[in-house]
Amino acid sequence: MDELEQGRAAYARRSWKEAHESLTRADEAGALGAPDLELLAVSAYMLGRDDEAWALLERAHHAYLDAGETLPAVRCAFHIGLNLSLRGETGPGGGWLGRAQRLLDRERRECAEHGYMLLPVALRQEAAGDWEAATATAARMAAIGERFADDDLFALGAFTQGRFMVVHRRMADGLRLLDEAMVAATSQAGLPIVTGIVYCGVVLTCVETYDVRRAQEWTEVLTRWCEQQQDLVAFTGRCLVHRAEIMQLRGDWGDALAEAQRASERLVAGLNRPATAQAFYRQGELHRLRGDFDAADEAFRAAVRHGLEPQPGLALLRLQQGRADTAAAAIGRVLGETVDRPGRAGLLAAAVEIRLGRDERADARAACVELQELADEYGSEFLAAAAAHARGAVLLAEGELADALVALRRAARGWQELEAPYEGARTRALIALACRALGDGDSATQELEAARDTFAELGAAPDVARVDALLAGGVPGALGLTSRELEVLRLVAKGSSNREIAGALVISEHTVARHVQNIFAKLGVSSRTAAGAFAHEHHLA
C-alpha cells in the first residue's frame with residue numbers, strides 16, 4: 001500500500017498521527033489533490049496543529065477553485081473563517097467568511113453551502129441582541145441540512161438554535177434540540193471537527209445552565225468519542241475540564257485534580273486561553289476544598305493571567321482564611337458586574353455563605369430569594385438543592401429552626417439524588433446545628449459523625465477540622481469553648497477591643513488576652529478577624 005492509500009486508511013480509522021505522517025509524505029512526493037489536502041488538514045487539526053491545518057485547508061480551497069469546483073472551495077473558506085473567528089482573529093476570520101459568501105453568491109441553485117453561510121449571520125444577530133432572529137436563522141440552517149441530508153449542517157444548526165433557546169429561557173425546547181444535535185453529530189460520515197465543536201458546545205451549555213444530569217451523560221459520550229481516536233489532542237483539553245467538574249461533584253477529587261492539571265497542560269500548548277483559565281480555576285477550587293490554600297491561591301492567579309475572574313472560588317478562599325471583609329467586597333463587586341442570569345446563579349450560593357459569615361442576614365436572604373427564582377426558571381435540580389441549602393442556612397441564622405430543618409432536609413435529598421457527597425455533607429452539618437439548637441444532641445452528633453466520615457473520605461481537611469470542633473462538646477454550638485470564652489468570642493466578633501471586652505465582662509485585660517489566645521488555639525485561627533469570621537460562619541456571634 002502506498003503512502004496515500006495508507007494515509008486515507010489511517011484517516012478512516014481516526015488514527016490521526018499515522019494519517020498525518022502518511023499523507024504528509026505523500027504530499028512531499030507529489031502535491032496532494034484538494035480532497036486529500038482536506039484529509040491532511042483535518043488530521044493536523046485533530047493533532048492540535050491548528051495553524052498547519054488552516055494553511056493546508058487554504059491550499060485545498062485554491063486547488064478546488066483551480067479545478068472549477070466552487071462549492072467545496074466555499075466549504076473550505078467557511079471552516080477557515082469560522083475557526084479563526086472563534087479563536088478571536090475576527091479580521092482574518094471575517095475576510096475568509098466574506099470570500100466564501102462572495103463565491104456562493106455566484107451559485108444560482110440552492111445548496112447545503114447556503115445553510116453553512118447562515119451560521120455567521122445567526123451569530124451576528126445574537127451578538128446584536130436580536131435572539132429571535134438568530135434562533136430563526138439557526139432553524140433555517142437545520143432545515144437546509146435536513147433537506148440536503150447533510151448531518152454536519154443539521155448538527156450545527158440544531159445546536160446553535162438549541163443553545164440560543166436555552167440561553168434565552170426556552171429551556172425544554174432548547175435542550176431537546178441540543179440532544180438532537182448530539183445524535184446527528186455522531187454520524188460517522190461527518191467531519192470530525194464539526195463533531196467536536198457540537199459535542200463540546202452542548203456539554204458547555206449544559207454546564208452553564210446547571211443541567212448536571214445531562215452534562216454528565218454527554219460528557220461521558222464525549223469522553224468515549226475522544227478515547228476512540230488515537231493521538232487526539234483537539235477538544236480533549238476542554239473535555240478534561242468538563243470531566244473534572246463532574247468528578248468533583250461526584251466526590252472523585254483526586255482524579256478531578258489530575259484531569260484539571262492534564263487539561264491545563266494540553267490547553268496551554270494549544271493556546272486556548274479561555275479553556276486554560278477554566279482548567280486552572282478548577283484546580284484552585286479543588287485545592288481550596290482540600291485545604292491547600294497556597295496552591296489554591298496560585299491556581300486562581302493562573303486563571304486570572306489567562307483572562308478569567310476566579311469567582312466565587314477566590315472569595316470563598318478568603319472567607320476560609322478569615323478575611324471575611326475581603327470576601328464580601330469581592331463577591332459584592334462581581335455580583336454587581338454580572339448581569340447574565342446563569343453567571344449570577346453561580347455566585348449567589350457563595351454570596352449567601354459569605355454574607356452570613358458577616359451576619360448580614362438581610363443581604364443573605366435577598367441572595368437566597370434570587371437563587372430560588374433562578375432554580376425555578378431553569379428547572380435545575382442542582383440549583384434547587386443549592387437554593388434549599390441556602391434558605392436553610394439563612395433560617396438557621398435567624399433562629400427559625402423548624403423551617404430551617406425543612407429546607408435543609410429538602411437540600412439533603414436533592415444532593416443525594418445528584419450523588420453530590422460534599423454538598424450533602426455540608427448540608428448535614430447545618431442540620432446538626434439546628435438539631436443541637438433544638439436540644440436534640442443525639443441526632444446532632446449522628447449527623448456530624450456522618451458528615452465527618454464523608455469529609456474525611458473526600459480529603460476535605462478544613463471541613464473535618466470544623467466538624468471535629470463541633471464534636472468536641474463544651475457549650476452547645478460553641479465548638480468546645482467555655483462559657484466565658486464564648487462570651488469573649490461574641491464580643492471579638494462585634495469588633496470590641498480587649499479593653500472594651502474587659503469593661504463589659506468586668507475582668508482584667510490580661511484575663512481577656514488569655515481567653516483570646518485560648519480561643520485562637522481551639523478554633524485553629526491566628527487573628528481576631530479570623531475568629532470573628534469563624535463565629536459568624538458557625539452562628540455563634
# chains A, B, ... in the order shown; residues from 1 in each chain; ligands from 1
>>> select_by_dssp(residues="region 274-368 of chain A", states="helix (DSSP H, G or I)", output="number ranges by chain")
A: 274-290, 293-305, 313-320, 324-337, 341-357, 361-368
>>> residues_around(residues="Leu308 (chain A)", least_positions_apart="6", cutoff="8 Å", atoms="only C-alpha atoms", output="ChimeraX atom specification")
/A:274,277-278
>>> write_last_selection(atoms="C-alpha atoms", output="short mmCIF file (atom, residue, chain, number, x, y, z; two decimals), in the first residue's frame")
data_model
loop_
_atom_site.label_atom_id
_atom_site.label_comp_id
_atom_site.auth_asym_id
_atom_site.auth_seq_id
_atom_site.Cartn_x
_atom_site.Cartn_y
_atom_site.Cartn_z
CA PRO A 274 -10.37 30.75 27.96
CA ALA A 277 -8.26 29.60 32.56
CA GLN A 278 -11.18 27.28 33.37
#
>>> residues_around(residues="Phe154 (chain A)", least_positions_apart="6", cutoff="12 Å", atoms="only C-alpha atoms", output="JSON, numbers by chain")
{"A": [112, 113, 115, 116, 118, 119, 138, 139, 140, 141, 142, 143, 144, 145, 146, 147, 148, 160, 161, 162, 177, 178, 180, 181, 182, 183, 184, 185, 186, 187, 190, 194, 195, 198]}
>>> atom_distance(atom1="CA of Ala12 (chain A)", atom2="CA of Cys76 (chain A)")
19.7 Å
>>> closest_residue(among="A:Ser443, A:Asn272, A:Thr511, A:Gln311", to="Gly88 (chain A)", atoms="only C-alpha atoms")
A:Asn272
>>> residues_around(residues="region 224-227 of chain A", least_positions_apart="3", cutoff="12 Å", atoms="only C-alpha atoms", output="mmCIF file with N, CA and C atoms, in the first residue's frame")
data_model
loop_
_atom_site.group_PDB
_atom_site.id
_atom_site.type_symbol
_atom_site.label_atom_id
_atom_site.label_comp_id
_atom_site.auth_asym_id
_atom_site.auth_seq_id
_atom_site.Cartn_x
_atom_site.Cartn_y
_atom_site.Cartn_z
ATOM 1 N N ARG A 14 -9.508 6.970 12.126
ATOM 2 C CA ARG A 14 -9.299 8.064 13.087
ATOM 3 C C ARG A 14 -7.958 7.920 13.803
ATOM 4 N N SER A 15 -6.988 7.370 13.104
ATOM 5 C CA SER A 15 -5.625 7.269 13.636
ATOM 6 C C SER A 15 -4.858 8.479 13.124
ATOM 7 N N TRP A 16 -4.963 9.588 13.864
ATOM 8 C CA TRP A 16 -4.581 10.889 13.322
ATOM 9 C C TRP A 16 -3.086 11.045 13.083
ATOM 10 N N MET A 46 -6.779 17.745 14.345
ATOM 11 C CA MET A 46 -7.088 16.824 15.434
ATOM 12 C C MET A 46 -5.855 16.524 16.283
ATOM 13 N N LEU A 47 -4.674 16.761 15.728
ATOM 14 C CA LEU A 47 -3.438 16.618 16.495
ATOM 15 C C LEU A 47 -3.061 17.908 17.227
ATOM 16 N N MET A 182 -26.644 16.417 19.112
ATOM 17 C CA MET A 182 -25.609 15.461 19.510
ATOM 18 C C MET A 182 -25.768 14.141 18.761
ATOM 19 N N ALA A 185 -24.477 14.665 15.308
ATOM 20 C CA ALA A 185 -23.023 14.859 15.271
ATOM 21 C C ALA A 185 -22.252 13.553 15.352
ATOM 22 N N THR A 186 -22.908 12.490 15.795
ATOM 23 C CA THR A 186 -22.218 11.204 15.911
ATOM 24 C C THR A 186 -22.118 10.466 14.579
ATOM 25 N N SER A 187 -22.683 11.041 13.525
ATOM 26 C CA SER A 187 -22.640 10.386 12.217
ATOM 27 C C SER A 187 -21.202 10.107 11.803
ATOM 28 N N GLN A 188 -20.936 8.878 11.430
ATOM 29 C CA GLN A 188 -19.580 8.501 11.033
ATOM 30 C C GLN A 188 -19.132 9.220 9.766
ATOM 31 N N PRO A 192 -14.986 15.344 11.547
ATOM 32 C CA PRO A 192 -14.671 15.255 12.981
ATOM 33 C C PRO A 192 -14.590 16.611 13.671
ATOM 34 N N ILE A 193 -14.169 17.636 12.953
ATOM 35 C CA ILE A 193 -14.085 18.970 13.556
ATOM 36 C C ILE A 193 -15.477 19.435 13.973
ATOM 37 N N THR A 195 -18.071 17.505 14.622
ATOM 38 C CA THR A 195 -18.488 16.651 15.740
ATOM 39 C C THR A 195 -17.948 17.184 17.054
ATOM 40 N N GLY A 196 -16.659 17.526 17.071
ATOM 41 C CA GLY A 196 -16.047 18.041 18.295
ATOM 42 C C GLY A 196 -16.642 19.360 18.735
ATOM 43 N N TYR A 199 -20.156 18.579 20.165
ATOM 44 C CA TYR A 199 -20.037 17.874 21.444
ATOM 45 C C TYR A 199 -19.666 18.848 22.562
ATOM 46 N N CYS A 200 -18.575 19.574 22.354
ATOM 47 C CA CYS A 200 -18.095 20.478 23.407
ATOM 48 C C CYS A 200 -19.104 21.588 23.671
ATOM 49 N N GLU A 217 -24.137 12.960 31.334
ATOM 50 C CA GLU A 217 -24.385 11.964 30.294
ATOM 51 C C GLU A 217 -23.612 12.287 29.026
ATOM 52 N N TRP A 218 -23.675 13.544 28.573
ATOM 53 C CA TRP A 218 -22.999 13.893 27.328
ATOM 54 C C TRP A 218 -21.489 13.989 27.504
ATOM 55 N N THR A 219 -21.029 14.305 28.706
ATOM 56 C CA THR A 219 -19.583 14.291 28.950
ATOM 57 C C THR A 219 -19.043 12.874 28.801
ATOM 58 N N GLU A 220 -19.794 11.901 29.285
ATOM 59 C CA GLU A 220 -19.366 10.506 29.124
ATOM 60 C C GLU A 220 -19.309 10.114 27.654
ATOM 61 N N VAL A 221 -20.299 10.566 26.857
ATOM 62 C CA VAL A 221 -20.295 10.283 25.425
ATOM 63 C C VAL A 221 -19.092 10.955 24.759
ATOM 64 N N GLN A 230 -7.002 7.669 18.163
ATOM 65 C CA GLN A 230 -5.600 7.623 18.553
ATOM 66 C C GLN A 230 -4.947 8.996 18.406
ATOM 67 N N ASP A 231 -4.179 9.379 19.424
ATOM 68 C CA ASP A 231 -3.347 10.595 19.390
ATOM 69 C C ASP A 231 -4.174 11.881 19.327
ATOM 70 N N LEU A 232 -5.443 11.822 19.676
ATOM 71 C CA LEU A 232 -6.290 13.015 19.597
ATOM 72 C C LEU A 232 -5.835 14.058 20.606
ATOM 73 N N VAL A 233 -5.716 15.313 20.152
ATOM 74 C CA VAL A 233 -5.378 16.442 21.021
ATOM 75 C C VAL A 233 -6.518 17.464 21.019
ATOM 76 N N ALA A 234 -7.039 17.787 19.837
ATOM 77 C CA ALA A 234 -8.132 18.759 19.736
ATOM 78 C C ALA A 234 -9.313 18.298 20.578
ATOM 79 N N PHE A 235 -9.943 19.230 21.251
ATOM 80 C CA PHE A 235 -11.142 19.018 22.073
ATOM 81 C C PHE A 235 -10.878 18.295 23.388
ATOM 82 N N THR A 236 -9.731 17.632 23.532
ATOM 83 C CA THR A 236 -9.516 16.850 24.750
ATOM 84 C C THR A 236 -9.273 17.744 25.958
ATOM 85 N N GLY A 237 -8.702 18.925 25.764
ATOM 86 C CA GLY A 237 -8.456 19.798 26.908
ATOM 87 C C GLY A 237 -9.739 20.225 27.564
ATOM 88 N N ARG A 238 -10.657 20.795 26.779
ATOM 89 C CA ARG A 238 -11.934 21.228 27.341
ATOM 90 C C ARG A 238 -12.741 20.041 27.854
ATOM 91 N N CYS A 239 -12.611 18.913 27.170
ATOM 92 C CA CYS A 239 -13.287 17.694 27.623
ATOM 93 C C CYS A 239 -12.806 17.320 29.024
ATOM 94 N N LEU A 240 -11.505 17.442 29.265
ATOM 95 C CA LEU A 240 -10.957 17.117 30.576
ATOM 96 C C LEU A 240 -11.470 18.071 31.645
ATOM 97 N N ARG A 243 -14.905 16.917 32.479
ATOM 98 C CA ARG A 243 -14.799 15.695 33.277
ATOM 99 C C ARG A 243 -14.399 16.016 34.708
#
>>> closest_residue(among="A:Val212, A:Ala328, A:Ile507, A:Val42", to="Met247 (chain A)", atoms="only C-alpha atoms")
A:Val212
